[in-house]
Structure formats: structure tokens, C-alpha cells
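Chemist: See model.cif below, with mmCIF, C-alpha atoms.
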data_upload
loop_
_atom_site.group_PDB
_atom_site.id
_atom_site.type_symbol
_atom_site.label_atom_id
_atom_site.label_comp_id
_atom_site.auth_asym_id
_atom_site.auth_seq_id
_atom_site.Cartn_x
_atom_site.Cartn_y
_atom_site.Cartn_z
ATOM 1 C CA MET P 1 189.926 123.524 51.357
ATOM 2 C CA ASN P 2 189.548 120.442 49.148
ATOM 3 C CA HIS P 3 192.420 118.228 50.312
ATOM 4 C CA LYS P 4 192.236 115.561 47.591
ATOM 5 C CA ASN P 5 193.513 112.091 48.311
ATOM 6 C CA SER P 6 194.640 110.241 45.196
ATOM 7 C CA ARG P 7 194.214 106.896 46.949
ATOM 8 C CA ILE P 8 190.432 106.981 46.755
ATOM 9 C CA PRO P 9 188.243 106.530 43.634
ATOM 10 C CA PRO P 10 187.393 109.547 41.429
ATOM 11 C CA VAL P 11 183.715 109.312 42.397
ATOM 12 C CA PHE P 12 184.534 111.064 45.663
ATOM 13 C CA HIS P 13 185.946 114.036 43.755
ATOM 14 C CA SER P 14 183.067 114.272 41.265
ATOM 15 C CA LYS P 15 180.798 117.317 41.050
ATOM 16 C CA ASP P 16 177.776 115.142 41.829
ATOM 17 C CA PHE P 17 179.351 113.816 45.021
ATOM 18 C CA GLN P 18 180.450 117.297 46.117
ATOM 19 C CA LYS P 19 176.915 118.609 45.557
ATOM 20 C CA LYS P 20 175.424 115.791 47.654
ATOM 21 C CA LEU P 21 177.993 116.471 50.365
ATOM 22 C CA ASP P 22 177.087 120.163 50.480
ATOM 23 C CA THR P 23 173.381 119.299 50.692
ATOM 24 C CA PHE P 24 174.052 116.900 53.555
ATOM 25 C CA ILE P 25 176.068 119.490 55.480
ATOM 26 C CA ASP P 26 173.350 122.117 55.025
ATOM 27 C CA LEU P 27 170.709 119.737 56.404
ATOM 28 C CA ALA P 28 172.922 118.617 59.278
ATOM 29 C CA LEU P 29 173.677 122.202 60.314
ATOM 30 C CA LYS P 30 170.001 123.101 60.142
ATOM 31 C CA GLU P 31 169.122 120.097 62.302
ATOM 32 C CA ASP P 32 171.643 121.048 64.982
ATOM 33 C CA ILE P 33 171.517 124.833 65.010
ATOM 34 C CA GLY P 34 167.853 125.517 64.385
ATOM 35 C CA GLU P 35 167.299 129.270 64.745
ATOM 36 C CA ARG P 36 170.651 129.856 66.485
ATOM 37 C CA ASP P 37 173.300 128.402 68.792
ATOM 38 C CA HIS P 38 171.964 130.327 71.782
ATOM 39 C CA THR P 39 174.613 129.073 74.210
ATOM 40 C CA SER P 40 177.553 130.318 72.153
ATOM 41 C CA PHE P 41 175.858 133.623 71.313
ATOM 42 C CA ALA P 42 174.987 134.122 74.966
ATOM 43 C CA CYS P 43 178.432 133.310 76.377
ATOM 44 C CA ILE P 44 180.905 134.540 73.788
ATOM 45 C CA PRO P 45 181.276 138.158 72.568
ATOM 46 C CA ALA P 46 180.850 138.499 68.800
ATOM 47 C CA HIS P 47 184.390 139.788 68.133
ATOM 48 C CA ILE P 48 186.285 136.956 69.865
ATOM 49 C CA LYS P 49 188.552 134.871 67.651
ATOM 50 C CA ALA P 50 189.635 131.385 68.639
ATOM 51 C CA GLU P 51 191.789 128.439 67.673
ATOM 52 C CA GLY P 52 190.575 124.849 67.640
ATOM 53 C CA ARG P 53 192.863 121.826 67.837
ATOM 54 C CA LEU P 54 191.604 118.449 66.667
ATOM 55 C CA LEU P 55 193.136 115.982 69.114
ATOM 56 C CA VAL P 56 193.424 112.262 68.379
ATOM 57 C CA LYS P 57 192.768 110.212 71.514
ATOM 58 C CA THR P 58 192.993 106.689 70.044
ATOM 59 C CA ASP P 59 195.239 105.113 67.403
ATOM 60 C CA GLY P 60 193.522 104.638 64.059
ATOM 61 C CA VAL P 61 192.923 106.003 60.572
ATOM 62 C CA ILE P 62 191.677 109.574 60.324
ATOM 63 C CA ALA P 63 188.750 110.421 58.053
ATOM 64 C CA GLY P 64 186.362 113.338 57.646
ATOM 65 C CA ILE P 65 188.847 116.209 57.705
ATOM 66 C CA GLU P 66 187.521 117.567 54.420
ATOM 67 C CA VAL P 67 183.975 117.457 55.792
ATOM 68 C CA ALA P 68 185.034 119.325 58.930
ATOM 69 C CA GLN P 69 186.685 121.978 56.767
ATOM 70 C CA ARG P 70 183.491 122.450 54.800
ATOM 71 C CA ILE P 71 181.419 122.738 57.963
ATOM 72 C CA PHE P 72 183.555 125.474 59.506
ATOM 73 C CA LYS P 73 183.893 127.320 56.195
ATOM 74 C CA LYS P 74 180.102 127.386 55.814
ATOM 75 C CA LEU P 75 179.786 128.915 59.271
ATOM 76 C CA ASP P 76 182.657 131.401 58.848
ATOM 77 C CA LYS P 77 184.198 131.962 55.398
ATOM 78 C CA LYS P 78 187.258 133.526 57.014
ATOM 79 C CA THR P 79 188.120 130.307 58.853
ATOM 80 C CA THR P 80 191.674 129.085 58.203
ATOM 81 C CA PHE P 81 193.240 125.652 58.662
ATOM 82 C CA ASP P 82 196.632 124.131 59.302
ATOM 83 C CA LEU P 83 196.487 120.460 58.310
ATOM 84 C CA PHE P 84 199.027 118.088 59.844
ATOM 85 C CA VAL P 85 197.561 114.885 58.376
ATOM 86 C CA LYS P 86 195.194 114.099 55.534
ATOM 87 C CA ASP P 87 192.157 111.868 55.235
ATOM 88 C CA GLY P 88 193.228 108.225 55.138
ATOM 89 C CA ASP P 89 196.417 108.702 57.176
ATOM 90 C CA GLU P 90 197.217 106.533 60.167
ATOM 91 C CA VAL P 91 197.296 108.561 63.393
ATOM 92 C CA LYS P 92 198.398 107.928 66.960
ATOM 93 C CA LYS P 93 196.999 108.936 70.322
ATOM 94 C CA GLY P 94 198.173 112.455 71.087
ATOM 95 C CA ASP P 95 198.452 113.585 67.461
ATOM 96 C CA ILE P 96 196.893 116.887 66.412
ATOM 97 C CA ALA P 97 195.135 116.352 63.087
ATOM 98 C CA PHE P 98 194.572 120.018 62.323
ATOM 99 C CA MET P 99 194.280 123.492 63.796
ATOM 100 C CA VAL P 100 191.441 125.785 62.813
ATOM 101 C CA ASP P 101 191.252 129.550 63.430
ATOM 102 C CA GLY P 102 188.058 131.561 63.176
ATOM 103 C CA ASN P 103 185.208 133.252 64.939
ATOM 104 C CA ALA P 104 184.854 131.701 68.398
ATOM 105 C CA ARG P 105 181.078 131.474 68.222
ATOM 106 C CA MET P 106 181.187 129.662 64.905
ATOM 107 C CA LEU P 107 183.873 127.220 66.033
ATOM 108 C CA HIS P 108 181.713 126.243 68.984
ATOM 109 C CA THR P 109 178.631 125.997 66.764
ATOM 110 C CA GLY P 110 180.308 123.597 64.339
ATOM 111 C CA GLU P 111 182.302 121.604 66.876
ATOM 112 C CA ARG P 112 179.865 118.777 67.614
ATOM 113 C CA LEU P 113 178.760 118.212 64.030
ATOM 114 C CA ALA P 114 182.366 118.077 62.829
ATOM 115 C CA LEU P 115 183.309 115.681 65.631
ATOM 116 C CA ASN P 116 180.296 113.414 65.136
ATOM 117 C CA ILE P 117 181.140 113.011 61.471
ATOM 118 C CA MET P 118 184.885 112.630 61.933
ATOM 119 C CA GLN P 119 184.559 110.133 64.780
ATOM 120 C CA ARG P 120 182.228 107.866 62.813
ATOM 121 C CA MET P 121 184.117 108.161 59.536
ATOM 122 C CA SER P 122 187.427 107.545 61.307
ATOM 123 C CA GLY P 123 186.012 104.498 63.084
ATOM 124 C CA ILE P 124 184.893 103.042 59.761
ATOM 125 C CA ALA P 125 188.191 103.859 58.059
ATOM 126 C CA THR P 126 190.078 102.266 60.946
ATOM 127 C CA MET P 127 188.104 99.027 60.753
ATOM 128 C CA ALA P 128 188.380 98.923 56.954
ATOM 129 C CA HIS P 129 192.131 99.357 57.287
ATOM 130 C CA ARG P 130 192.382 96.473 59.780
ATOM 131 C CA TYR P 131 190.439 94.100 57.517
ATOM 132 C CA THR P 132 192.481 95.136 54.495
ATOM 133 C CA LYS P 133 195.758 94.587 56.331
ATOM 134 C CA LEU P 134 194.612 91.108 57.339
ATOM 135 C CA CYS P 135 194.253 90.219 53.642
ATOM 136 C CA GLU P 136 197.702 91.421 52.585
ATOM 137 C CA GLY P 137 199.519 88.979 50.338
ATOM 138 C CA THR P 138 196.257 87.647 48.857
ATOM 139 C CA ASN P 139 194.138 88.814 45.919
ATOM 140 C CA ALA P 140 191.025 89.338 48.038
ATOM 141 C CA LYS P 141 189.484 92.793 48.262
ATOM 142 C CA ILE P 142 187.353 93.837 51.232
ATOM 143 C CA LEU P 143 183.930 95.183 50.242
ATOM 144 C CA ASP P 144 181.395 97.233 52.150
ATOM 145 C CA THR P 145 177.635 96.565 51.902
ATOM 146 C CA ARG P 146 174.332 98.474 51.916
ATOM 147 C CA LYS P 147 174.158 98.050 55.701
ATOM 148 C CA THR P 148 174.775 101.759 56.154
ATOM 149 C CA THR P 149 173.157 104.520 58.204
ATOM 150 C CA PRO P 150 170.281 106.015 56.158
ATOM 151 C CA GLY P 151 171.128 109.507 54.950
ATOM 152 C CA ILE P 152 174.900 109.286 55.405
ATOM 153 C CA ARG P 153 175.851 106.429 53.088
ATOM 154 C CA LEU P 154 178.030 108.813 51.093
ATOM 155 C CA LEU P 155 180.131 109.524 54.193
ATOM 156 C CA GLU P 156 180.354 105.907 55.274
ATOM 157 C CA LYS P 157 181.380 104.606 51.853
ATOM 158 C CA TRP P 158 183.903 107.431 51.609
ATOM 159 C CA ALA P 159 185.357 106.315 54.941
ATOM 160 C CA VAL P 160 185.531 102.687 53.773
ATOM 161 C CA SER P 161 187.543 103.795 50.770
ATOM 162 C CA LEU P 162 189.833 105.964 52.892
ATOM 163 C CA GLY P 163 190.541 102.896 55.009
ATOM 164 C CA GLY P 164 191.770 101.026 51.939
ATOM 165 C CA ALA P 165 188.742 98.814 51.308
ATOM 166 C CA THR P 166 186.518 98.770 48.211
ATOM 167 C CA ASN P 167 182.976 100.027 47.722
ATOM 168 C CA HIS P 168 180.346 97.558 46.559
ATOM 169 C CA ARG P 169 177.250 98.952 44.831
ATOM 170 C CA TRP P 170 176.022 102.366 45.990
ATOM 171 C CA GLY P 171 172.365 101.420 46.016
ATOM 172 C CA LEU P 172 169.685 99.410 44.302
ATOM 173 C CA TYR P 173 170.143 101.316 41.052
ATOM 174 C CA ASP P 174 173.727 100.696 39.922
ATOM 175 C CA MET P 175 174.014 96.902 39.988
ATOM 176 C CA ILE P 176 171.851 93.772 40.037
ATOM 177 C CA LEU P 177 172.320 91.654 43.159
ATOM 178 C CA ILE P 178 169.978 88.673 43.214
ATOM 179 C CA LYS P 179 169.685 87.506 46.818
ATOM 180 C CA ASP P 180 167.889 84.594 48.455
ATOM 181 C CA ASN P 181 164.575 86.428 48.818
ATOM 182 C CA HIS P 182 164.599 87.368 45.124
ATOM 183 C CA ILE P 183 165.302 83.748 44.247
ATOM 184 C CA HIS P 184 162.444 82.492 46.436
ATOM 185 C CA CYS P 185 159.962 84.943 44.939
ATOM 186 C CA SER P 186 161.130 84.235 41.388
ATOM 187 C CA GLY P 187 160.607 80.502 41.682
ATOM 188 C CA GLY P 188 164.247 79.479 41.784
ATOM 189 C CA VAL P 189 167.724 80.380 40.603
ATOM 190 C CA LYS P 190 167.126 79.821 36.892
ATOM 191 C CA ASN P 191 163.941 81.891 36.832
ATOM 192 C CA ALA P 192 165.633 84.700 38.746
ATOM 193 C CA ILE P 193 168.451 84.921 36.196
ATOM 194 C CA LYS P 194 166.163 84.571 33.172
ATOM 195 C CA ASN P 195 163.777 87.211 34.517
ATOM 196 C CA THR P 196 166.667 89.562 35.226
ATOM 197 C CA LYS P 197 168.158 89.242 31.758
ATOM 198 C CA ALA P 198 164.748 89.811 30.170
ATOM 199 C CA TYR P 199 164.169 92.871 32.340
ATOM 200 C CA LEU P 200 167.536 94.422 31.491
ATOM 201 C CA GLU P 201 167.009 93.834 27.793
ATOM 202 C CA LYS P 202 163.535 95.396 27.871
ATOM 203 C CA ALA P 203 164.728 98.336 29.985
ATOM 204 C CA LYS P 204 167.832 98.728 27.798
ATOM 205 C CA LYS P 205 170.014 98.706 30.885
ATOM 206 C CA LYS P 206 173.576 97.469 31.084
ATOM 207 C CA LEU P 207 174.083 96.489 34.705
ATOM 208 C CA ALA P 208 176.408 93.882 36.143
ATOM 209 C CA ILE P 209 174.608 90.864 37.592
ATOM 210 C CA GLU P 210 175.658 89.185 40.815
ATOM 211 C CA ILE P 211 173.777 86.277 42.332
ATOM 212 C CA GLU P 212 173.877 84.868 45.838
ATOM 213 C CA VAL P 213 174.017 81.123 46.389
ATOM 214 C CA SER P 214 173.772 79.373 49.737
ATOM 215 C CA ASN P 215 174.642 75.817 48.747
ATOM 216 C CA PHE P 216 176.271 73.754 45.996
ATOM 217 C CA ASP P 217 172.957 72.887 44.335
ATOM 218 C CA GLU P 218 172.258 76.581 43.746
ATOM 219 C CA LEU P 219 175.829 77.104 42.591
ATOM 220 C CA ASN P 220 175.495 74.350 39.995
ATOM 221 C CA GLU P 221 172.226 75.882 38.766
ATOM 222 C CA VAL P 222 173.965 79.216 38.250
ATOM 223 C CA LEU P 223 176.812 77.578 36.357
ATOM 224 C CA GLU P 224 174.324 75.722 34.187
ATOM 225 C CA ILE P 225 172.433 78.812 33.051
ATOM 226 C CA GLY P 226 175.270 81.396 33.251
ATOM 227 C CA GLY P 227 174.708 85.010 32.299
ATOM 228 C CA VAL P 228 176.072 86.592 35.488
ATOM 229 C CA GLN P 229 179.304 88.394 36.268
ATOM 230 C CA ARG P 230 179.812 87.498 39.930
ATOM 231 C CA ILE P 231 178.738 84.736 42.295
ATOM 232 C CA LEU P 232 178.271 85.490 45.987
ATOM 233 C CA LEU P 233 178.972 82.466 48.185
ATOM 234 C CA ASP P 234 176.867 83.158 51.256
ATOM 235 C CA ASN P 235 177.691 81.557 54.602
ATOM 236 C CA PHE P 236 180.145 79.073 53.053
ATOM 237 C CA THR P 237 183.003 77.894 55.260
ATOM 238 C CA PRO P 238 186.531 78.566 53.972
ATOM 239 C CA ALA P 239 186.796 74.893 53.059
ATOM 240 C CA ASN P 240 183.580 75.060 51.039
ATOM 241 C CA ILE P 241 184.710 78.330 49.448
ATOM 242 C CA SER P 242 187.818 76.496 48.201
ATOM 243 C CA LYS P 243 185.655 73.664 46.893
ATOM 244 C CA ALA P 244 183.320 76.110 45.165
ATOM 245 C CA LEU P 245 186.209 77.971 43.521
ATOM 246 C CA LYS P 246 187.418 74.726 41.964
ATOM 247 C CA ILE P 247 183.943 74.124 40.550
ATOM 248 C CA ILE P 248 183.664 77.701 39.235
ATOM 249 C CA ASP P 249 187.135 77.351 37.724
ATOM 250 C CA GLY P 250 187.721 81.056 37.160
ATOM 251 C CA LYS P 251 184.672 81.524 34.937
ATOM 252 C CA TYR P 252 183.163 84.171 37.241
ATOM 253 C CA LYS P 253 184.313 86.641 39.849
ATOM 254 C CA THR P 254 183.539 85.383 43.336
ATOM 255 C CA GLU P 255 182.572 86.958 46.642
ATOM 256 C CA ALA P 256 182.429 85.499 50.145
ATOM 257 C CA SER P 257 179.894 86.852 52.628
ATOM 258 C CA GLY P 258 178.152 86.025 55.869
ATOM 259 C CA GLY P 259 179.439 86.579 59.388
ATOM 260 C CA ILE P 260 183.080 87.016 58.411
ATOM 261 C CA THR P 261 185.067 88.574 61.248
ATOM 262 C CA GLU P 262 188.587 89.854 61.856
ATOM 263 C CA SER P 263 189.508 86.451 63.302
ATOM 264 C CA THR P 264 188.315 84.549 60.204
ATOM 265 C CA VAL P 265 188.812 86.941 57.288
ATOM 266 C CA ARG P 266 192.329 85.796 56.428
ATOM 267 C CA LYS P 267 191.195 82.182 56.154
ATOM 268 C CA TYR P 268 188.659 83.323 53.566
ATOM 269 C CA ALA P 269 191.196 85.501 51.760
ATOM 270 C CA LEU P 270 193.625 82.585 51.469
ATOM 271 C CA THR P 271 191.047 80.532 49.536
ATOM 272 C CA GLY P 272 191.611 82.750 46.489
ATOM 273 C CA VAL P 273 188.154 84.352 46.516
ATOM 274 C CA ASP P 274 188.080 87.728 44.717
ATOM 275 C CA TYR P 275 185.993 89.713 47.195
ATOM 276 C CA ILE P 276 184.974 89.497 50.852
ATOM 277 C CA SER P 277 182.006 91.610 51.914
ATOM 278 C CA VAL P 278 181.841 92.762 55.517
ATOM 279 C CA GLY P 279 178.678 94.470 56.762
ATOM 280 C CA ALA P 280 180.336 95.204 60.096
ATOM 281 C CA LEU P 281 182.416 97.937 58.440
ATOM 282 C CA THR P 282 179.419 100.233 58.661
ATOM 283 C CA HIS P 283 176.851 98.607 60.957
ATOM 284 C CA SER P 284 178.983 97.565 63.941
ATOM 285 C CA VAL P 285 181.821 100.052 64.024
ATOM 286 C CA GLN P 286 183.203 101.828 67.098
ATOM 287 C CA SER P 287 183.814 105.533 66.590
ATOM 288 C CA LEU P 288 187.373 106.788 66.913
ATOM 289 C CA ASP P 289 187.883 108.950 70.006
ATOM 290 C CA LEU P 290 188.588 112.542 68.940
ATOM 291 C CA SER P 291 188.146 115.922 70.603
ATOM 292 C CA LEU P 292 188.256 119.538 69.507
ATOM 293 C CA LYS P 293 189.739 121.904 72.072
ATOM 294 C CA ILE P 294 188.968 125.576 71.460
ATOM 295 C CA TYR P 295 191.117 128.395 72.883
ATOM 296 C CA PRO P 296 190.502 132.156 72.612
ATOM 297 C CA LEU P 297 193.039 134.175 70.640
ATOM 298 C CA GLU P 298 192.047 137.548 72.132
#
How would this structure read if it were set down as C-alpha cells?
Modeler:
Amino acid sequence: MNHKNSRIPPVFHSKDFQKKLDTFIDLALKEDIGERDHTSFACIPAHIKAEGRLLVKTDGVIAGIEVAQRIFKKLDKKTTFDLFVKDGDEVKKGDIAFMVDGNARMLHTGERLALNIMQRMSGIATMAHRYTKLCEGTNAKILDTRKTTPGIRLLEKWAVSLGGATNHRWGLYDMILIKDNHIHCSGGVKNAIKNTKAYLEKAKKKLAIEIEVSNFDELNEVLEIGGVQRILLDNFTPANISKALKIIDGKYKTEASGGITESTVRKYALTGVDYISVGALTHSVQSLDLSLKIYPLE
């Protein structure tokens, strides 16, 4: 059932991730089914077996197959699958991603949840793939952000990775990212960095520090005090990104952010910036059109 893809980071194969995925699926099934799928139990005799075919209706990158497998297996342990593609593969309109055989009632019960997840994950993977392709030939890596749907961040970041892009921090706990509001409430760039370093030392935490700057004055303040690992250049034009990179002179990793679109991303990538973060990967994505057709076998 676990169709591992070596192209994505090990975190998505970890026991902790798998446990969180199982918990999510349990909650999602409970939300949708409630006491029972009355329509399927009313219409379909208990003994009927069926075959489902996952049909791709739009070109893109497929994602969420492993989740769909888990959903149907939870509903009917005897469910079997024939996989024709794997998560992260490019697919075309008319392709069949997989065929699933099992109890007809259970296939109908799991159909919408599996489709909802696969359509959203595939939409994200498809957009991530497009952005990544636009940066080919440069050193820039496309990053996601925390602009994710509450409760399903694990799925959305998984999809980003399947599309070939890179995950930024997972939450507020695994990295320091000092943004403009933190700077304002700290009393300036220097105070924000000093306070952060003091906090980490007191808490005995070793976390990477990234700081956002919105102009060259703030950038120069960061360079003066140092002590960070990455500088986020927020809402800089490509020309100003190039200027900033010359000032930074390779001393820190750099990230471009702020309204970067498919029409402008390559201009940013060509500046030599290390990372480009794109919130649209998860907050403005169009789901990939998929359908699951179910046919009785008896």
C-alpha cells in the first residue's frame, strides 16, 4: 500500500508523519460518514463487489494516491489496487491513475474524501511543478509558506514536495522567522536579532534564524549585527534583489518573497537568489479535475 517515492524528503516516510496521516484520515472519515453512509447502504446490496477507476480529466501532476489507498483500505481491508502511475508523476487528460477493487458500498463511501484530497494535492503539485520548471537552469529553489489550509498542512506540504518544490518551515516551532511585525514590536531590526539570540541561548534551542527586510536600510542593519542564517528580501524588485545580493556578497542565504507570480518568477530566479517563496502554491491553487467511476463486478 505504501508506494514510496524517493524524490521526496524522508520526513514524509517517517513514523511520526504516517501516524499524523492516519489520525487525519480517521477524523476526515468520521466527519463525512457520521453514523453511516445511508445512501450507499440503502441502494447497494451488501455482497456487491465493484471496481473504481481514477480518471484524470486535466493535464497535471498527480498527488494523493497513497492517501486514497489508505482511505479505501481503512473502509475495506480486502480492497486491492492496480497502480498505473505514482505520486509525483505527470499525467495527461484521459489517463487512468489507478483501479481499485472492493466492496461496492465502501468504494462509494470513500469516493468523495479520496477525490477531495487527491484533487487538491494534485492541484498544488501541478502548480509547484510549473514554478519549479520556470526556474530550471538557475540555482533558485521554490519554497512553500505557512499559508496553508488549517488541519491539512501535512497534505499540502507533501503535495508541494511531490511537485518538485521545497518545504519551508513546518510551523512556528522548527525555525525562527523574524518578520516585519516582530521587528516593529521589538523596537527595530537590531533589537529583534539580539532578543532572538538571547532567547535561544536561554531556552537552549538551536534553531536557524531568518529575518525579513523590506528596504536597504534594514538590510544594512542586519549585515551590521549579523547572527542570522538567511535574509528574506520582501517585495524587492528583481533589480533590487540583484543589488541586495551584491551587498550581501554570499555571506548569507537569501530568499525573495512578495507577490511573485508565474510571469515574474524566472526574473527573480535569474538574479541568483537562493530561494523564492510562493504563498500561492497553497492559498490560491486550482484543484486538478479528477473523477472516480465505479462499476459493479457482480
Chemist: Which neighbours of segment 99-102 of chain P fall inside 12 Å, counting only C-alpha atoms, when residues of the same chain fewer than 6 positions from it are skipped, and could you give them as a PyMOL selection string?
Modeler: chain P and resi 1+46-55+65+68-85+108-111+114+291-298
Chemist: So that I can check the surroundings of Lys194 of chain P, please list as a PyMOL selection string every protein, DNA and RNA residue that reaches within 10 Å of it, counting all atoms listed in the file and ignoring chain neighbours fewer than 5 positions away.
Modeler: chain P and resi 186+189+199+225-227
Chemist: Since I can't run it myself right now, could you work out what the PyMOL selection byres ((chain P and resi 236) around 12) selects here and report it as a ChimeraX atom specification?
Modeler: /P:212-216,219,232-235,237-245,255-260,267-268,271,273,276
Chemist: Expanded to explicit residues, what is the PyMOL selection byres ((chain P and resi 200-210) around 7) for this file, as a VMD selection string?
Modeler: chain P and resid 174 to 178 196 to 199 211 to 212 228 to 232
Chemist: Quick one: of P:Met106, P:Val160, P:Glu35, P:Lys253, who's nearest to Asp87 of chain P, counting all atoms listed in the file?
Modeler: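 So, comparing all the options, the nearest one is P:Val160.
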Chemist: Please report, as lines of an AutoDock Vina configuration file, the centre and edge lengths in Å to one decimal of an axis-aligned box covering all listed atoms of segment 18-26 of chain P with 3 Å per side.
Modeler:
center_x = 176.9
center_y = 119.0
center_z = 50.5
size_x = 13.1
size_y = 12.3
size_z = 15.9
Chemist: Have a look at atom CA of Asn181 of chain P and atom CA of Glu218 of chain P and let me know their distance in Å, one decimal.
Modeler: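 Spanning atom CA of Asn181 of chain P to atom CA of Glu218 of chain P is a straight-line distance of 13.5 Å.
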Chemist: Rounded to one decimal, what separation in Å do you get between atom CA of Val61 of chain P and atom CA of Leu154 of chain P?
Modeler: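 Atom CA of Val61 of chain P sits 17.9 Å away from atom CA of Leu154 of chain P.
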Chemist: Of the residues P:Ala63, P:Ile183, P:Leu115, P:Ala97, which is the one nearest to His129 of chain P, using all atoms listed in the file?
Modeler: P:Ala63
